[in-house]
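Data file: model_3.cif. Format and content: mmCIF, C-alpha atoms.
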```
data_final
#
loop_
_atom_site.label_atom_id
_atom_site.label_comp_id
_atom_site.auth_asym_id
_atom_site.auth_seq_id
_atom_site.Cartn_x
_atom_site.Cartn_y
_atom_site.Cartn_z
CA HIS A 1 -21.96 -2.68 1.81
CA SER A 2 -20.07 -4.88 4.19
CA ILE A 3 -18.31 -3.21 7.10
CA LEU A 4 -15.28 -5.38 6.33
CA PHE A 5 -14.78 -3.57 3.05
CA ASN A 6 -15.68 0.00 3.92
CA ASN A 7 -13.15 2.74 3.28
CA ILE A 8 -12.29 3.59 6.88
CA ASN A 9 -11.46 -0.07 7.52
CA LYS A 10 -8.98 0.03 4.64
CA PHE A 11 -7.13 2.83 6.41
CA THR A 12 -7.40 0.91 9.69
CA CYS A 13 -5.76 -2.12 8.07
CA ILE A 14 -3.01 0.03 6.59
CA ALA A 15 -2.22 1.74 9.88
CA LYS A 16 -2.36 -1.51 11.85
CA THR A 17 -0.07 -3.31 9.40
CA VAL A 18 2.44 -0.46 9.34
CA PHE A 19 2.47 -0.05 13.12
CA GLU A 20 2.87 -3.81 13.64
CA SER A 21 5.85 -3.77 11.26
CA PHE A 22 7.62 -1.27 13.54
CA ALA A 23 8.13 -4.08 16.04
CA GLU A 24 10.47 -5.79 13.56
CA GLN A 25 14.08 -4.68 13.95
CA ASN A 26 14.76 -4.43 10.20
CA THR A 27 11.83 -2.07 9.65
CA LYS A 28 13.42 0.48 11.95
CA TYR A 29 16.63 0.47 9.92
CA LEU A 30 14.82 0.66 6.59
CA PHE A 31 12.96 3.72 7.85
CA LEU A 32 16.24 5.33 8.93
CA LEU A 33 17.80 4.63 5.54
CA GLU A 34 14.80 6.10 3.71
CA ASN A 35 14.86 9.14 5.98
CA GLN A 36 18.56 9.70 5.26
CA VAL A 37 18.00 9.41 1.50
CA MET A 38 15.21 12.00 1.70
CA THR A 39 17.34 14.50 3.60
CA GLN A 40 20.64 14.17 1.71
CA LYS A 41 21.21 17.19 -0.51
CA SER A 42 23.69 15.28 -2.68
CA ILE A 43 20.99 12.90 -3.94
CA PRO A 44 19.00 14.27 -6.89
CA PHE A 45 15.44 15.18 -5.95
CA ASN A 46 13.90 13.02 -8.68
CA SER A 47 15.69 9.94 -7.30
CA LYS A 48 14.25 10.25 -3.84
CA THR A 49 11.42 8.16 -2.46
CA LEU A 50 9.17 11.20 -2.36
CA LYS A 51 7.63 9.76 -5.50
CA ASN A 52 6.48 6.73 -3.49
CA SER A 53 5.04 8.99 -0.84
CA ASN A 54 3.11 10.94 -3.49
CA LEU A 55 1.79 7.66 -4.88
CA MET A 56 0.45 6.66 -1.46
CA ILE A 57 -1.21 10.04 -0.99
CA ASN A 58 -2.67 10.05 -4.51
CA ALA A 59 -3.92 6.46 -4.15
CA SER A 60 -5.62 7.40 -0.87
CA VAL A 61 -7.63 10.30 -2.30
CA PRO A 62 -10.28 8.16 -4.09
CA LEU A 63 -10.76 6.06 -0.94
CA ILE A 64 -11.24 9.19 1.10
CA ILE A 65 -13.72 10.62 -1.40
CA ARG A 66 -15.77 7.39 -1.33
CA GLY A 67 -15.57 7.36 2.46
CA GLN A 68 -16.84 10.93 2.58
CA GLU A 69 -19.71 10.07 0.24
CA GLN A 70 -20.61 7.13 2.51
CA LYS A 71 -20.32 9.36 5.62
CA GLU A 72 -17.45 7.25 7.08
CA ILE A 73 -14.70 9.83 6.65
CA ARG A 74 -14.78 13.41 7.85
CA GLU A 75 -15.39 16.31 5.53
CA GLY A 76 -12.41 18.19 4.18
CA ASP A 77 -10.07 18.27 1.25
CA PRO A 78 -9.29 14.61 0.42
CA ALA A 79 -5.67 15.33 -0.56
CA THR A 80 -5.08 17.20 2.69
CA LEU A 81 -6.62 14.39 4.73
CA ALA A 82 -4.43 11.85 2.91
CA LEU A 83 -1.35 14.00 3.56
CA VAL A 84 -2.18 14.25 7.27
CA PHE A 85 -2.85 10.49 7.55
CA TRP A 86 0.44 9.49 5.89
CA GLY A 87 2.34 12.27 7.66
CA ALA A 88 1.10 11.00 11.01
CA ILE A 89 2.26 7.48 10.18
CA GLN A 90 5.67 8.81 9.17
CA GLY A 91 5.85 10.89 12.34
CA VAL A 92 5.06 7.89 14.52
CA ALA A 93 7.69 5.84 12.69
CA GLU A 94 10.36 8.49 13.17
CA THR A 95 9.52 9.05 16.83
CA PHE A 96 9.49 5.32 17.52
CA PHE A 97 12.88 4.92 15.84
CA TRP A 98 14.50 7.58 18.01
CA HIS A 99 12.49 6.86 21.18
CA PRO A 100 11.59 3.14 21.18
CA LYS A 101 10.78 3.14 24.91
CA LEU A 102 7.72 5.26 24.16
CA GLY A 103 6.26 2.26 22.38
CA ILE A 104 4.00 2.10 19.38
CA PRO A 105 0.66 3.87 19.84
CA ASP A 106 -2.63 2.23 18.98
CA HIS A 107 -3.15 2.45 15.23
CA ASN A 108 -6.60 3.98 15.78
CA CYS A 109 -4.92 7.22 16.89
CA VAL A 110 -3.93 7.78 13.26
CA VAL A 111 -7.14 6.39 11.76
CA ASN A 112 -9.18 8.76 13.93
CA ILE A 113 -7.67 11.63 11.93
CA LEU A 114 -9.94 10.49 9.09
CA ARG A 115 -12.91 9.09 10.99
CA ARG A 116 -16.15 11.02 10.87
CA ASN A 117 -17.32 11.97 14.34
#
```

What is this file in structure tokens?
Amino acid sequence: HSILFNNINKFTCIAKTVFESFAEQNTKYLFLLENQVMTQKSIPFNSKTLKNSNLMINASVPLIIRGQEQKEIREGDPATLALVFWGAIQGVAETFFWHPKLGIPDHNCVVNILRRN
């Protein structure tokens, strides 16, 4: 299979695209708005964007399984690895919003969570 289409490169593209979007001013405010929606107790749980987050995690699991089968992605529970990957992206986004002078880390820092050693 082509290296351009392997599973780890899909996660690399995702992380790179997301991290590059942090440089845009509007992305920072959209993240803040989403974060406020998720933490407001007055908003019904089923209306929150957690559903979207679950979709991203669930959609990542088959990619991780294929990547593990092809020895590109580390061993471990695919759902847990997906959770850690997306949680790291969210953590970087939140930290960058509150501390922009720290800058945006290289996207490979997050991808390396999944990469097989």

- Query: What does the distance between CA of Leu83 (chain A) and CA of Leu55 (chain A) come to in Å, to one decimal place?
  - Reply: 11.0 Å

- Residues in the PyMOL selection byres ((chain A and resi 19) around 9), expressed as a PyMOL selection string: chain A and resi 14-18+20-23+89+92-93+104-107

- Please evaluate the PyMOL selection byres ((chain A and resi 72-77) around 9) against the displayed coordinates and give the resulting residues as a list in words.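 After applying the PyMOL selection byres ((chain A and resi 72-77) around 9), what remains is Asn6, Asn7, Ile8, Ile64, Ile65, Arg66, Gly67, Gln68, Glu69, Gln70, Lys71, Pro78, Ala79, Thr80, Leu81, Ala82, Ile113, Leu114, Arg115, Arg116 and Asn117 of chain A.
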
Resulting file, chosen residues, C-alpha atoms, as a PDB file, in the coordinates of the input:
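Contents of selection-v9.pdb, as written:
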```pdb
ATOM      1  CA  ASN A   6     -15.680   0.000   3.920  1.00  0.00           C
ATOM      2  CA  ASN A   7     -13.150   2.740   3.280  1.00  0.00           C
ATOM      3  CA  ILE A   8     -12.290   3.590   6.880  1.00  0.00           C
ATOM      4  CA  ILE A  64     -11.240   9.190   1.100  1.00  0.00           C
ATOM      5  CA  ILE A  65     -13.720  10.620  -1.400  1.00  0.00           C
ATOM      6  CA  ARG A  66     -15.770   7.390  -1.330  1.00  0.00           C
ATOM      7  CA  GLY A  67     -15.570   7.360   2.460  1.00  0.00           C
ATOM      8  CA  GLN A  68     -16.840  10.930   2.580  1.00  0.00           C
ATOM      9  CA  GLU A  69     -19.710  10.070   0.240  1.00  0.00           C
ATOM     10  CA  GLN A  70     -20.610   7.130   2.510  1.00  0.00           C
ATOM     11  CA  LYS A  71     -20.320   9.360   5.620  1.00  0.00           C
ATOM     12  CA  PRO A  78      -9.290  14.610   0.420  1.00  0.00           C
ATOM     13  CA  ALA A  79      -5.670  15.330  -0.560  1.00  0.00           C
ATOM     14  CA  THR A  80      -5.080  17.200   2.690  1.00  0.00           C
ATOM     15  CA  LEU A  81      -6.620  14.390   4.730  1.00  0.00           C
ATOM     16  CA  ALA A  82      -4.430  11.850   2.910  1.00  0.00           C
ATOM     17  CA  ILE A 113      -7.670  11.630  11.930  1.00  0.00           C
ATOM     18  CA  LEU A 114      -9.940  10.490   9.090  1.00  0.00           C
ATOM     19  CA  ARG A 115     -12.910   9.090  10.990  1.00  0.00           C
ATOM     20  CA  ARG A 116     -16.150  11.020  10.870  1.00  0.00           C
ATOM     21  CA  ASN A 117     -17.320  11.970  14.340  1.00  0.00           C
TER      22      ASN A 117
END
```

- Interatomic distance, CA of Asn108 (chain A) to CA of Ile57 (chain A) (Å, one decimal): 18.6 Å

- Message: Under the rule that all atoms listed in the file are counted, which of A:Ser60, A:Asn54, A:Asn26, A:Gln90 is the nearest residue to Lys10 (chain A)?
- Response: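 Among the listed residues, the smallest separation from Lys10 (chain A) belongs to A:Ser60.
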
- Message: With distances taken over only C-alpha atoms, which residue among A:Val61, A:Met56, A:Val84, A:Glu24 lies nearest Phe96 (chain A)?
- Response: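 The answer is A:Glu24, which sits nearest to Phe96 (chain A).
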
- Message: For a test of reading the model, state the distance in Å between CA of Glu94 (chain A) and CA of Cys109 (chain A), rounded to one decimal.
- Response: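 The value is 15.8 Å.
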
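Distances here use only C-alpha atoms; by that measure, the residue among A:Asn58, A:Asn112, A:Phe97, A:Leu102 closest to Phe11 (chain A) is A:Asn112.
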
- Can you work out which one of A:Lys101, A:Ala59, A:Val111, A:Cys13 has the shortest atom-to-atom distance to Phe85 (chain A), counting only C-alpha atoms?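 Selected residue with least distance to Phe85 (chain A): A:Val111.
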
Would you give the centre and edge lengths, in Å to one decimal, of a box along x, y and z around the listed atoms of region 82-95 of chain A, with 4 Å added to each side, as JSON?
```
{"center_x": 3.0, "center_y": 10.0, "center_z": 9.9, "size_x": 22.8, "size_y": 16.4, "size_z": 21.9}
```
